[in-house]
$ cat coords.tsv   # TSV, C-alpha atoms (C1' of nucleotides)
chain	number	residue	atom	x	y	z
A	407	MET	CA	-29.98	17.65	1.19
A	408	LYS	CA	-27.01	19.62	2.50
A	409	GLU	CA	-24.69	17.58	4.62
A	410	SER	CA	-23.81	18.81	8.05
A	411	ALA	CA	-20.71	20.89	8.54
A	412	THR	CA	-19.52	18.39	11.13
A	413	LYS	CA	-19.62	15.54	8.67
A	414	ALA	CA	-17.75	17.58	6.08
A	415	ARG	CA	-15.06	18.53	8.57
A	416	ILE	CA	-14.58	14.92	9.65
A	417	LEU	CA	-14.15	13.90	6.04
A	418	ASP	CA	-11.74	16.73	5.34
A	419	VAL	CA	-9.50	15.86	8.25
A	420	ALA	CA	-9.67	12.14	7.57
A	421	SER	CA	-8.80	12.68	3.91
A	422	ARG	CA	-5.69	14.61	4.78
A	423	LEU	CA	-4.53	12.11	7.39
A	424	PHE	CA	-5.36	8.97	5.41
A	425	TYR	CA	-3.29	10.14	2.49
A	426	ASP	CA	-0.49	11.61	4.55
A	427	GLN	CA	-0.02	8.90	7.18
A	428	GLY	CA	-1.89	5.99	5.68
A	429	TYR	CA	-5.26	4.53	6.59
A	430	ASN	CA	-4.08	1.99	9.14
A	431	SER	CA	-1.72	4.40	10.81
A	432	THR	CA	-4.44	6.98	11.36
A	433	GLY	CA	-6.57	6.45	14.44
A	434	ILE	CA	-10.07	7.66	15.12
A	435	ASN	CA	-8.70	9.52	18.12
A	436	GLN	CA	-6.43	11.66	15.99
A	437	ILE	CA	-9.24	12.42	13.56
A	438	ILE	CA	-11.67	13.60	16.23
A	439	GLU	CA	-8.97	15.64	17.93
A	440	GLU	CA	-7.93	17.48	14.77
A	441	ALA	CA	-11.52	17.91	13.67
A	442	ASP	CA	-12.31	19.12	17.19
A	443	ILE	CA	-15.39	17.00	17.68
A	444	ALA	CA	-16.44	14.23	20.03
A	445	LYS	CA	-15.92	10.59	19.26
A	446	ALA	CA	-19.60	9.79	19.31
A	447	SER	CA	-20.23	12.52	16.73
A	448	LEU	CA	-17.96	10.75	14.32
A	449	TYR	CA	-19.77	7.48	14.85
A	450	ASN	CA	-23.05	9.26	14.38
A	451	HIS	CA	-22.07	10.16	10.82
A	452	PHE	CA	-19.96	7.12	10.00
A	453	PRO	CA	-20.99	3.78	11.56
A	454	SER	CA	-17.44	2.43	11.38
A	455	LYS	CA	-13.94	3.39	10.30
A	456	ARG	CA	-14.48	1.27	7.21
A	457	ASP	CA	-17.45	3.41	6.22
A	458	LEU	CA	-15.34	6.50	6.70
A	459	LEU	CA	-12.78	4.94	4.38
A	460	ALA	CA	-15.41	4.32	1.72
A	461	ALA	CA	-16.55	7.95	1.95
A	462	TYR	CA	-12.93	9.06	1.72
A	463	ILE	CA	-12.28	7.14	-1.48
A	464	GLN	CA	-15.39	8.51	-3.14
A	465	LYS	CA	-14.59	12.06	-2.15
A	466	ALA	CA	-10.98	11.62	-3.27
A	467	GLU	CA	-12.12	10.36	-6.66
A	468	GLU	CA	-14.30	13.40	-7.14
A	469	SER	CA	-11.57	15.76	-6.04
A	470	TRP	CA	-8.97	14.01	-8.20
A	471	PHE	CA	-10.99	14.37	-11.39
A	472	ASP	CA	-11.88	17.96	-10.55
A	473	LYS	CA	-8.20	18.80	-10.33
A	474	MET	CA	-7.44	16.83	-13.46
A	475	ASN	CA	-10.14	18.58	-15.47
A	476	THR	CA	-9.00	21.98	-14.28
A	477	TYR	CA	-5.43	21.15	-15.24
A	478	LEU	CA	-6.34	19.77	-18.66
A	479	GLU	CA	-8.97	22.37	-19.55
A	480	PRO	CA	-6.56	24.67	-21.46
A	481	PHE	CA	-5.56	21.84	-23.79
A	482	LYS	CA	-8.04	21.57	-26.65
A	483	ASP	CA	-6.20	19.16	-28.93
A	484	PRO	CA	-6.87	15.57	-27.76
A	485	LYS	CA	-3.23	14.55	-28.22
A	486	ALA	CA	-1.99	17.51	-26.20
A	487	LYS	CA	-4.66	16.82	-23.57
A	488	LEU	CA	-3.63	13.19	-23.31
A	489	LEU	CA	0.04	14.06	-22.93
A	490	ALA	CA	-0.78	16.73	-20.38
A	491	LEU	CA	-2.26	13.99	-18.21
A	492	PHE	CA	1.30	12.87	-17.55
A	493	ASP	CA	2.28	16.39	-16.53
A	494	PHE	CA	-0.72	16.56	-14.26
A	495	ARG	CA	0.46	13.48	-12.45
A	496	VAL	CA	3.95	14.89	-12.09
A	497	ASP	CA	2.49	18.03	-10.55
A	498	HIS	CA	0.19	16.02	-8.34
A	499	GLN	CA	3.05	13.91	-7.01
A	500	ILE	CA	5.16	16.98	-6.30
A	501	ALA	CA	2.24	18.62	-4.53
A	502	ASN	CA	1.80	15.52	-2.38
A	503	ASN	CA	5.47	14.97	-1.56
A	504	PHE	CA	5.70	11.82	-3.68
A	505	ALA	CA	3.31	9.84	-1.56
A	506	GLY	CA	2.33	7.78	-4.59
A	507	CYS	CA	-1.18	7.25	-5.92
A	508	GLN	CA	-3.67	7.65	-3.09
A	509	PHE	CA	-6.00	5.00	-4.53
A	510	THR	CA	-3.27	2.44	-5.06
A	511	LYS	CA	-2.09	3.07	-1.52
A	512	ILE	CA	-5.52	2.21	-0.16
A	513	SER	CA	-5.73	-1.03	-2.11
A	514	ALA	CA	-2.28	-1.93	-0.77
A	515	GLU	CA	-3.03	-1.49	2.89
A	516	VAL	CA	-6.67	-2.34	3.27
A	517	PRO	CA	-7.57	-5.76	4.74
A	518	LYS	CA	-8.34	-8.13	1.91
A	519	ASP	CA	-11.91	-8.73	3.01
A	520	ASP	CA	-12.85	-5.08	2.52
A	521	LEU	CA	-14.31	-5.69	-0.92
A	522	ARG	CA	-16.01	-2.33	-0.97
A	523	ALA	CA	-12.67	-0.54	-0.83
A	524	PHE	CA	-11.23	-2.55	-3.73
A	525	GLU	CA	-14.35	-1.87	-5.75
A	526	LEU	CA	-14.16	1.88	-5.16
A	527	VAL	CA	-10.47	1.99	-6.00
A	528	GLY	CA	-11.18	-0.01	-9.16
A	529	HIS	CA	-13.89	2.47	-10.07
A	530	GLN	CA	-11.44	5.38	-10.01
A	531	LYS	CA	-8.98	3.46	-12.15
A	532	ASN	CA	-11.69	2.54	-14.63
A	533	LEU	CA	-12.48	6.21	-15.09
A	534	VAL	CA	-8.84	7.08	-15.73
A	535	LYS	CA	-8.61	4.31	-18.30
A	536	ALA	CA	-11.84	5.51	-19.91
A	537	PHE	CA	-10.49	9.03	-20.15
A	538	ILE	CA	-7.39	7.79	-21.94
A	539	THR	CA	-9.49	5.72	-24.33
A	540	GLU	CA	-11.71	8.70	-25.00
A	541	GLN	CA	-8.82	10.94	-25.96
A	542	LEU	CA	-7.25	8.27	-28.14
A	543	ALA	CA	-10.52	7.88	-30.05
A	544	GLN	CA	-10.20	11.50	-31.14
A	545	ILE	CA	-6.58	11.27	-32.21
A	546	LYS	CA	-5.67	10.63	-35.83
A	547	LEU	CA	-2.71	8.26	-35.87
A	548	GLY	CA	-0.14	7.87	-38.64
A	549	GLN	CA	0.10	4.61	-40.60
A	550	PRO	CA	1.19	1.95	-39.98
A	551	GLN	CA	0.74	1.57	-36.23
A	552	VAL	CA	2.46	-1.16	-34.23
A	553	LEU	CA	-0.14	-0.94	-31.48
A	554	SER	CA	-3.91	-0.69	-31.82
A	555	LYS	CA	-5.68	2.11	-30.01
A	556	GLU	CA	-6.87	-0.39	-27.46
A	557	MET	CA	-3.31	-1.48	-26.80
A	558	LEU	CA	-2.14	2.10	-26.67
A	559	ALA	CA	-4.73	2.82	-24.02
A	560	ASP	CA	-3.51	-0.14	-21.96
A	561	THR	CA	0.11	0.90	-22.41
A	562	PHE	CA	-0.52	4.45	-21.25
A	563	PHE	CA	-2.72	3.41	-18.38
A	564	LEU	CA	-0.32	0.77	-17.09
A	565	MET	CA	2.72	2.99	-17.49
A	566	LEU	CA	0.99	5.74	-15.52
A	567	GLU	CA	0.08	3.30	-12.79
A	568	GLY	CA	3.61	1.96	-12.64
A	569	ALA	CA	5.18	5.40	-12.80
A	570	SER	CA	3.06	6.59	-9.89
A	571	VAL	CA	4.27	3.66	-7.84
A	572	ALA	CA	7.85	4.50	-8.80
A	573	ALA	CA	7.26	8.12	-7.77
A	574	GLY	CA	6.27	6.92	-4.31
A	575	VAL	CA	9.17	4.51	-3.98
A	576	TYR	CA	11.97	6.70	-5.35
A	577	LYS	CA	10.49	10.01	-4.23
A	578	ASP	CA	10.90	11.63	-7.61
A	579	ALA	CA	8.90	12.11	-10.79
A	580	SER	CA	11.43	10.84	-13.30
A	581	ALA	CA	9.48	7.69	-14.12
A	582	ILE	CA	6.36	9.70	-14.98
A	583	LYS	CA	8.44	11.95	-17.23
A	584	LYS	CA	9.96	8.94	-18.96
A	585	ALA	CA	6.49	7.49	-19.47
A	586	LYS	CA	5.43	10.73	-21.14
A	587	ALA	CA	8.42	10.66	-23.48
A	588	ILE	CA	7.52	7.10	-24.45
A	589	ALA	CA	3.89	8.05	-25.02
A	590	GLU	CA	4.99	10.86	-27.33
A	591	LYS	CA	6.97	8.40	-29.43
A	592	LEU	CA	4.05	6.01	-29.65
A	593	LEU	CA	1.55	8.62	-30.81
B	1474	MET	CA	27.88	-17.94	11.04
B	1475	LYS	CA	24.65	-19.96	10.90
B	1476	GLU	CA	21.63	-18.07	12.12
B	1477	SER	CA	19.55	-19.53	14.87
B	1478	ALA	CA	16.52	-21.63	14.04
B	1479	THR	CA	14.42	-19.31	16.17
B	1480	LYS	CA	15.37	-16.29	14.14
B	1481	ALA	CA	14.61	-18.13	10.91
B	1482	ARG	CA	11.21	-19.21	12.16
B	1483	ILE	CA	10.32	-15.68	13.23
B	1484	LEU	CA	11.24	-14.41	9.79
B	1485	ASP	CA	9.27	-17.16	8.06
B	1486	VAL	CA	6.12	-16.46	10.01
B	1487	ALA	CA	6.48	-12.70	9.69
B	1488	SER	CA	7.00	-12.99	5.94
B	1489	ARG	CA	3.83	-14.95	5.47
B	1490	LEU	CA	1.77	-12.61	7.63
B	1491	PHE	CA	3.20	-9.35	6.33
B	1492	TYR	CA	2.36	-10.31	2.78
B	1493	ASP	CA	-0.98	-11.87	3.55
B	1494	GLN	CA	-2.42	-9.35	6.01
B	1495	GLY	CA	-0.16	-6.36	5.50
B	1496	TYR	CA	2.61	-4.99	7.67
B	1497	ASN	CA	0.53	-2.62	9.77
B	1498	SER	CA	-2.24	-5.12	10.29
B	1499	THR	CA	0.14	-7.76	11.62
B	1500	GLY	CA	0.96	-7.45	15.30
B	1501	ILE	CA	4.00	-8.71	17.15
B	1502	ASN	CA	1.66	-10.78	19.30
B	1503	GLN	CA	0.38	-12.75	16.35
B	1504	ILE	CA	3.87	-13.37	15.07
B	1505	ILE	CA	5.17	-14.77	18.36
B	1506	GLU	CA	2.07	-16.88	18.78
B	1507	GLU	CA	2.30	-18.50	15.36
B	1508	ALA	CA	6.05	-18.89	15.63
B	1509	ASP	CA	5.50	-20.36	19.08
B	1510	ILE	CA	8.17	-18.31	20.84
B	1511	ALA	CA	8.22	-15.73	23.61
B	1512	LYS	CA	7.97	-12.04	22.93
B	1513	ALA	CA	11.38	-11.30	24.39
B	1514	SER	CA	12.93	-13.84	22.04
B	1515	LEU	CA	11.70	-11.87	19.09
B	1516	TYR	CA	13.13	-8.67	20.48
B	1517	ASN	CA	16.39	-10.47	21.12
B	1518	HIS	CA	16.79	-11.10	17.40
B	1519	PHE	CA	15.08	-7.98	16.06
B	1520	PRO	CA	15.43	-4.77	18.11
B	1521	SER	CA	12.16	-3.39	16.73
B	1522	LYS	CA	9.32	-4.22	14.38
B	1523	ARG	CA	10.93	-1.90	11.86
B	1524	ASP	CA	14.09	-4.00	11.90
B	1525	LEU	CA	11.99	-7.09	11.34
B	1526	LEU	CA	10.43	-5.35	8.36
B	1527	ALA	CA	13.84	-4.59	6.88
B	1528	ALA	CA	14.88	-8.23	7.27
B	1529	TYR	CA	11.61	-9.30	5.66
B	1530	ILE	CA	12.11	-7.14	2.58
B	1531	GLN	CA	15.64	-8.44	2.06
B	1532	LYS	CA	14.60	-12.04	2.45
B	1533	ALA	CA	11.63	-11.49	0.14
B	1534	GLU	CA	13.89	-10.01	-2.52
B	1535	GLU	CA	16.14	-13.04	-2.39
B	1536	SER	CA	13.23	-15.44	-2.50
B	1537	TRP	CA	11.55	-13.51	-5.34
B	1538	PHE	CA	14.59	-13.69	-7.60
B	1539	ASP	CA	15.16	-17.32	-6.74
B	1540	LYS	CA	11.66	-18.13	-7.91
B	1541	MET	CA	12.03	-15.94	-10.97
B	1542	ASN	CA	15.30	-17.60	-11.98
B	1543	THR	CA	13.85	-21.04	-11.52
B	1544	TYR	CA	10.85	-20.13	-13.64
B	1545	LEU	CA	12.93	-18.53	-16.41
B	1546	GLU	CA	15.72	-21.09	-16.47
B	1547	PRO	CA	14.19	-23.23	-19.26
B	1548	PHE	CA	14.04	-20.23	-21.62
B	1549	LYS	CA	17.37	-19.80	-23.35
B	1550	ASP	CA	16.45	-17.25	-25.98
B	1551	PRO	CA	16.60	-13.75	-24.41
B	1552	LYS	CA	13.37	-12.65	-26.08
B	1553	ALA	CA	11.52	-15.73	-24.84
B	1554	LYS	CA	13.04	-15.23	-21.40
B	1555	LEU	CA	11.94	-11.62	-21.26
B	1556	LEU	CA	8.40	-12.47	-22.30
B	1557	ALA	CA	8.29	-15.31	-19.80
B	1558	LEU	CA	8.86	-12.74	-17.06
B	1559	PHE	CA	5.29	-11.62	-17.65
B	1560	ASP	CA	4.06	-15.20	-17.29
B	1561	PHE	CA	6.05	-15.55	-14.11
B	1562	ARG	CA	4.26	-12.58	-12.65
B	1563	VAL	CA	0.89	-13.98	-13.68
B	1564	ASP	CA	1.74	-17.23	-11.91
B	1565	HIS	CA	3.07	-15.40	-8.89
B	1566	GLN	CA	-0.11	-13.34	-8.55
B	1567	ILE	CA	-2.29	-16.42	-8.85
B	1568	ALA	CA	-0.18	-18.22	-6.25
B	1569	ASN	CA	-0.58	-15.28	-3.89
B	1570	ASN	CA	-4.31	-14.73	-4.43
B	1571	PHE	CA	-3.80	-11.46	-6.27
B	1572	ALA	CA	-2.36	-9.65	-3.31
B	1573	GLY	CA	-0.36	-7.40	-5.62
B	1574	CYS	CA	3.39	-6.82	-5.57
B	1575	GLN	CA	4.69	-7.43	-2.07
B	1576	PHE	CA	7.34	-4.73	-2.40
B	1577	THR	CA	4.95	-2.12	-3.71
B	1578	LYS	CA	2.59	-2.98	-0.88
B	1579	ILE	CA	5.28	-2.23	1.67
B	1580	SER	CA	6.13	1.12	0.16
B	1581	ALA	CA	2.44	1.98	0.21
B	1582	GLU	CA	1.80	1.27	3.84
B	1583	VAL	CA	5.04	2.05	5.60
B	1584	PRO	CA	5.30	5.35	7.54
B	1585	LYS	CA	7.01	7.90	5.35
B	1586	ASP	CA	9.93	8.37	7.71
B	1587	ASP	CA	11.03	4.74	7.34
B	1588	LEU	CA	13.63	5.58	4.70
B	1589	ARG	CA	15.28	2.21	5.04
B	1590	ALA	CA	12.15	0.45	3.83
B	1591	PHE	CA	11.83	2.68	0.76
B	1592	GLU	CA	15.47	2.10	-0.05
B	1593	LEU	CA	15.13	-1.67	0.18
B	1594	VAL	CA	12.00	-1.68	-1.96
B	1595	GLY	CA	13.79	0.51	-4.49
B	1596	HIS	CA	16.66	-1.95	-4.53
B	1597	GLN	CA	14.41	-4.81	-5.57
B	1598	LYS	CA	12.84	-2.73	-8.30
B	1599	ASN	CA	16.25	-1.67	-9.57
B	1600	LEU	CA	17.19	-5.31	-9.97
B	1601	VAL	CA	14.04	-6.09	-11.94
B	1602	LYS	CA	14.71	-3.16	-14.21
B	1603	ALA	CA	18.32	-4.28	-14.65
B	1604	PHE	CA	17.20	-7.78	-15.59
B	1605	ILE	CA	14.91	-6.38	-18.28
B	1606	THR	CA	17.70	-4.17	-19.63
B	1607	GLU	CA	20.06	-7.12	-19.66
B	1608	GLN	CA	17.72	-9.26	-21.74
B	1609	LEU	CA	17.01	-6.44	-24.15
B	1610	ALA	CA	20.72	-5.95	-24.73
B	1611	GLN	CA	20.87	-9.49	-26.10
B	1612	ILE	CA	17.87	-9.14	-28.38
B	1613	LYS	CA	18.30	-8.25	-32.03
B	1614	LEU	CA	15.51	-5.85	-32.97
B	1615	GLY	CA	14.08	-5.28	-36.43
B	1616	GLN	CA	14.49	-1.88	-38.15
B	1617	PRO	CA	13.23	0.71	-37.80
B	1618	GLN	CA	12.30	0.86	-34.11
B	1619	VAL	CA	9.98	3.48	-32.69
B	1620	LEU	CA	11.43	3.06	-29.21
B	1621	SER	CA	15.07	2.79	-28.18
B	1622	LYS	CA	16.11	-0.15	-26.04
B	1623	GLU	CA	16.29	2.16	-23.07
B	1624	MET	CA	12.71	3.25	-23.66
B	1625	LEU	CA	11.61	-0.32	-24.20
B	1626	ALA	CA	13.10	-1.23	-20.84
B	1627	ASP	CA	11.19	1.59	-19.16
B	1628	THR	CA	7.99	0.62	-20.95
B	1629	PHE	CA	8.20	-3.00	-19.88
B	1630	PHE	CA	9.22	-2.19	-16.35
B	1631	LEU	CA	6.48	0.40	-15.83
B	1632	MET	CA	3.82	-1.77	-17.44
B	1633	LEU	CA	4.77	-4.66	-15.18
B	1634	GLU	CA	4.60	-2.41	-12.14
B	1635	GLY	CA	1.25	-1.04	-13.19
B	1636	ALA	CA	-0.13	-4.43	-14.12
B	1637	SER	CA	0.83	-5.85	-10.73
B	1638	VAL	CA	-1.08	-3.04	-9.07
B	1639	ALA	CA	-4.05	-3.77	-11.31
B	1640	ALA	CA	-3.84	-7.47	-10.38
B	1641	GLY	CA	-4.17	-6.51	-6.72
B	1642	VAL	CA	-7.03	-4.09	-7.29
B	1643	TYR	CA	-9.13	-6.15	-9.72
B	1644	LYS	CA	-8.11	-9.54	-8.37
B	1645	ASP	CA	-7.26	-10.93	-11.76
B	1646	ALA	CA	-4.24	-11.22	-14.04
B	1647	SER	CA	-5.72	-9.75	-17.21
B	1648	ALA	CA	-3.63	-6.59	-17.06
B	1649	ILE	CA	-0.40	-8.57	-16.89
B	1650	LYS	CA	-1.50	-10.64	-19.87
B	1651	LYS	CA	-2.34	-7.50	-21.82
B	1652	ALA	CA	1.06	-6.08	-20.95
B	1653	LYS	CA	2.70	-9.20	-22.35
B	1654	ALA	CA	0.75	-8.94	-25.59
B	1655	ILE	CA	1.88	-5.33	-25.94
B	1656	ALA	CA	5.49	-6.30	-25.24
B	1657	GLU	CA	5.32	-8.94	-27.96
B	1658	LYS	CA	4.18	-6.31	-30.46
B	1659	LEU	CA	6.95	-3.96	-29.46
B	1660	LEU	CA	9.73	-6.51	-29.81
C	1253	DG	C1'	-26.65	15.35	17.14
C	1254	DT	C1'	-23.27	16.40	20.16
C	1255	DC	C1'	-21.19	15.58	24.38
C	1256	DT	C1'	-18.28	12.87	28.42
C	1257	DA	C1'	-16.75	8.71	29.96
C	1258	DT	C1'	-15.28	4.28	29.48
C	1259	DA	C1'	-15.35	-0.49	27.99
C	1260	DG	C1'	-12.52	-4.06	26.11
C	1261	DC	C1'	-8.80	-5.11	23.50
C	1262	DT	C1'	-4.37	-5.02	21.14
C	1263	DG	C1'	-0.33	-2.47	19.92
C	1264	DG	C1'	5.05	-2.30	20.55
C	1265	DA	C1'	8.35	-2.79	23.88
C	1266	DT	C1'	10.87	-3.97	28.50
C	1267	DA	C1'	12.29	-6.15	33.28
C	1268	DG	C1'	14.14	-9.67	35.45
C	1269	DA	C1'	14.39	-14.76	36.38
C	1270	DC	C1'	16.61	-18.81	34.63
D	986	DG	C1'	18.89	-16.66	24.48
D	987	DT	C1'	14.62	-18.05	25.96
D	988	DC	C1'	11.13	-17.60	29.25
D	989	DT	C1'	6.94	-15.23	32.16
D	990	DA	C1'	4.94	-11.21	33.52
D	991	DT	C1'	3.87	-6.67	32.82
D	992	DC	C1'	3.77	-1.57	31.37
D	993	DC	C1'	1.43	1.91	29.10
D	994	DA	C1'	-0.18	3.99	25.14
D	995	DG	C1'	-3.11	3.39	21.52
D	996	DC	C1'	-6.96	1.29	19.14
D	997	DT	C1'	-12.29	0.83	17.60
D	998	DA	C1'	-16.50	1.20	19.36
D	999	DT	C1'	-20.49	1.98	22.71
D	1000	DA	C1'	-23.47	3.77	26.79
D	1001	DG	C1'	-26.01	7.22	28.46
D	1002	DA	C1'	-26.69	12.27	29.69
D	1003	DC	C1'	-28.14	16.56	27.60
$ encode --input "coords.tsv" --output "structure tokens"
Amino acid sequence: MKESATKARILDVASRLFYDQGYNSTGINQIIEEADIAKASLYNHFPSKRDLLAAYIQKAEESWFDKMNTYLEPFKDPKAKLLALFDFRVDHQIANNFAGCQFTKISAEVPKDDLRAFELVGHQKNLVKAFITEQLAQIKLGQPQVLSKEMLADTFFLMLEGASVAAGVYKDASAIKKAKAIAEKLL
Amino acid sequence: MKESATKARILDVASRLFYDQGYNSTGINQIIEEADIAKASLYNHFPSKRDLLAAYIQKAEESWFDKMNTYLEPFKDPKAKLLALFDFRVDHQIANNFAGCQFTKISAEVPKDDLRAFELVGHQKNLVKAFITEQLAQIKLGQPQVLSKEMLADTFFLMLEGASVAAGVYKDASAIKKAKAIAEKLL
DNA sequence: GTCTATAGCTGGATAGAC
DNA sequence: GTCTATCCAGCTATAGAC
């Protein structure tokens, strides 16, 4: 069931360019040139650019959670793990020159009739939200709490989403750091 | 100092199309066709598509705050006014078919060397943040507060940013409504 | 499954007449 | 300042040989 090396290389190159330049600004021609393959080979593996986009989002989701899990692995305490998620996103933004969230970017530039893309982006965000909820379930909170655990999960998730946007707009990670400080107060 | 009707019409058409289809997916050809003018007329008023984008963002900022002020005008109490900001964004997303925040969209799809665009988007977001801070300054909070007013401003701003992204991804306003419910608890 | 070659179109931008 | 006409580079996608 091993996928061809050609297909993997196409996806690697496309992933880099889609995130770096944007999906719409990256042409098939550039992808095949940098992957050093023929145009028809690309269309052999991916029937259309839209299909390549779908494959990109799925691969990016996998890669994103791999990196997240590696980063969070040392933290055993659920509260520390949850707070480290903010640090992970700071690091990730620095590593990617403050390009913003790659999934949010896709949903912002994709034509609105590409329902598949929105669904795949939503899937990644659902998993992030689920991770936050999972950690919160294991945290013992002091009494009395202003916000329920469900509301805390929404707060953290939405702040992270917003802070990632801010990172892309302002080209710095200060919003993510502020969000972490707020999260610490709320826990 | 009145601007020509041609220029205004170009900007009107471009604004609609940029938001609806995206900046990259909207060609000069479509703009001149729908505005019913010649290509050279467009380039007479806007030296490049990038300049047209800059004009679009500025006009959109103005229009956005006009609509916001109109919506919030009936609310005299600062707390009610601040909470109504969430409702305004729900309404705005519904009115725009859950296309997400138009400013965030631009920052997500513009080439990364278009510093002017990032700056103009940042300007709009600064104003939103300032409005939130302004309202909070007039609100008398109960004691003791977990979050300072500065942190509350960040929380509300980031949640609104994140919830607008979520509205665009999931095509519904539930995240904005959840953010409002959280804000009510925190005030 | 990979290649070369090209179709068919649209992109942003300009020249020159009026 | 608006028009027509056009340039050329880029786009997605396909045909057909090997």
$ closest_atom_pairs --input "coords.tsv" --of "chain D" --to "chain A" --cutoff "12 Å" --atoms "all atoms listed in the file" --output "CSV"
residue,atom,partner,partner_atom,distance
D:DG995,C1',A:Gly433,CA,8.5
D:DC996,C1',A:Gly433,CA,7.0
D:DT997,C1',A:Ile434,CA,7.6
D:DA998,C1',A:Ser454,CA,8.1
D:DT999,C1',A:Ala446,CA,8.6
D:DA1000,C1',A:Ala446,CA,10.4
D:DG1001,C1',A:Ala446,CA,11.5
$ interface_residues --input "coords.tsv" --of "chain C" --to "chain A" --cutoff "10 Å" --atoms "only C-alpha atoms (C1' of nucleotides)" --output "number ranges by chain"
C: 1253-1256
$ write_last_selection --input "coords.tsv" --atoms "C-alpha atoms (C1' of nucleotides)" --output "short mmCIF file (atom, residue, chain, number, x, y, z; two decimals), in the frame of the given file"
data_model
loop_
_atom_site.label_atom_id
_atom_site.label_comp_id
_atom_site.auth_asym_id
_atom_site.auth_seq_id
_atom_site.Cartn_x
_atom_site.Cartn_y
_atom_site.Cartn_z
"C1'" DG C 1253 -26.65 15.35 17.14
"C1'" DT C 1254 -23.27 16.40 20.16
"C1'" DC C 1255 -21.19 15.58 24.38
"C1'" DT C 1256 -18.28 12.87 28.42
#
$ closest_atom_pairs --input "coords.tsv" --of "chain A" --to "chain B" --cutoff "7 Å" --atoms "only C-alpha atoms" --output "JSON lines"
{"residue": "A:Gln427", "atom": "CA", "partner": "B:Pro1584", "partner_atom": "CA", "distance": 6.4}
{"residue": "A:Gly428", "atom": "CA", "partner": "B:Glu1582", "partner_atom": "CA", "distance": 6.3}
{"residue": "A:Asn430", "atom": "CA", "partner": "B:Asn1497", "partner_atom": "CA", "distance": 6.5}
{"residue": "A:Lys511", "atom": "CA", "partner": "B:Ala1581", "partner_atom": "CA", "distance": 5.0}
{"residue": "A:Ser513", "atom": "CA", "partner": "B:Val1642", "partner_atom": "CA", "distance": 6.2}
{"residue": "A:Ala514", "atom": "CA", "partner": "B:Lys1578", "partner_atom": "CA", "distance": 5.0}
{"residue": "A:Glu515", "atom": "CA", "partner": "B:Glu1582", "partner_atom": "CA", "distance": 5.6}
{"residue": "A:Pro517", "atom": "CA", "partner": "B:Gln1494", "partner_atom": "CA", "distance": 6.4}
{"residue": "A:Phe524", "atom": "CA", "partner": "B:Val1642", "partner_atom": "CA", "distance": 5.7}
{"residue": "A:Gly528", "atom": "CA", "partner": "B:Val1642", "partner_atom": "CA", "distance": 6.1}
{"residue": "A:Val552", "atom": "CA", "partner": "B:Lys1658", "partner_atom": "CA", "distance": 6.6}
{"residue": "A:Leu553", "atom": "CA", "partner": "B:Lys1658", "partner_atom": "CA", "distance": 7.0}
{"residue": "A:Met557", "atom": "CA", "partner": "B:Ile1655", "partner_atom": "CA", "distance": 6.5}
{"residue": "A:Thr561", "atom": "CA", "partner": "B:Met1632", "partner_atom": "CA", "distance": 6.8}
{"residue": "A:Leu564", "atom": "CA", "partner": "B:Gly1635", "partner_atom": "CA", "distance": 4.6}
{"residue": "A:Met565", "atom": "CA", "partner": "B:Leu1631", "partner_atom": "CA", "distance": 4.9}
{"residue": "A:Glu567", "atom": "CA", "partner": "B:Gly1635", "partner_atom": "CA", "distance": 4.5}
{"residue": "A:Gly568", "atom": "CA", "partner": "B:Gly1635", "partner_atom": "CA", "distance": 3.9}
{"residue": "A:Ala569", "atom": "CA", "partner": "B:Leu1631", "partner_atom": "CA", "distance": 6.0}
{"residue": "A:Val575", "atom": "CA", "partner": "B:Phe1591", "partner_atom": "CA", "distance": 5.7}
{"residue": "A:Tyr576", "atom": "CA", "partner": "B:Gly1595", "partner_atom": "CA", "distance": 6.5}
{"residue": "A:Ile588", "atom": "CA", "partner": "B:Met1624", "partner_atom": "CA", "distance": 6.5}
{"residue": "A:Lys591", "atom": "CA", "partner": "B:Val1619", "partner_atom": "CA", "distance": 6.6}
$ atom_distance --input "coords.tsv" --atom1 "atom CA of Leu1609 of chain B" --atom2 "atom CA of Lys1650 of chain B"
19.5 Å
$ atom_distance --input "coords.tsv" --atom1 "atom CA of Ala441 of chain A" --atom2 "atom CA of Asp472 of chain A"
24.2 Å
$ closest_residue --input "coords.tsv" --among "B:Lys1540, B:Arg1589, B:Lys1552, B:Lys1532" --to "Asp1485 of chain B" --atoms "all atoms listed in the file"
B:Lys1532
$ atom_distance --input "coords.tsv" --atom1 "atom CA of Ala1553 of chain B" --atom2 "atom CA of Lys1613 of chain B"
12.4 Å
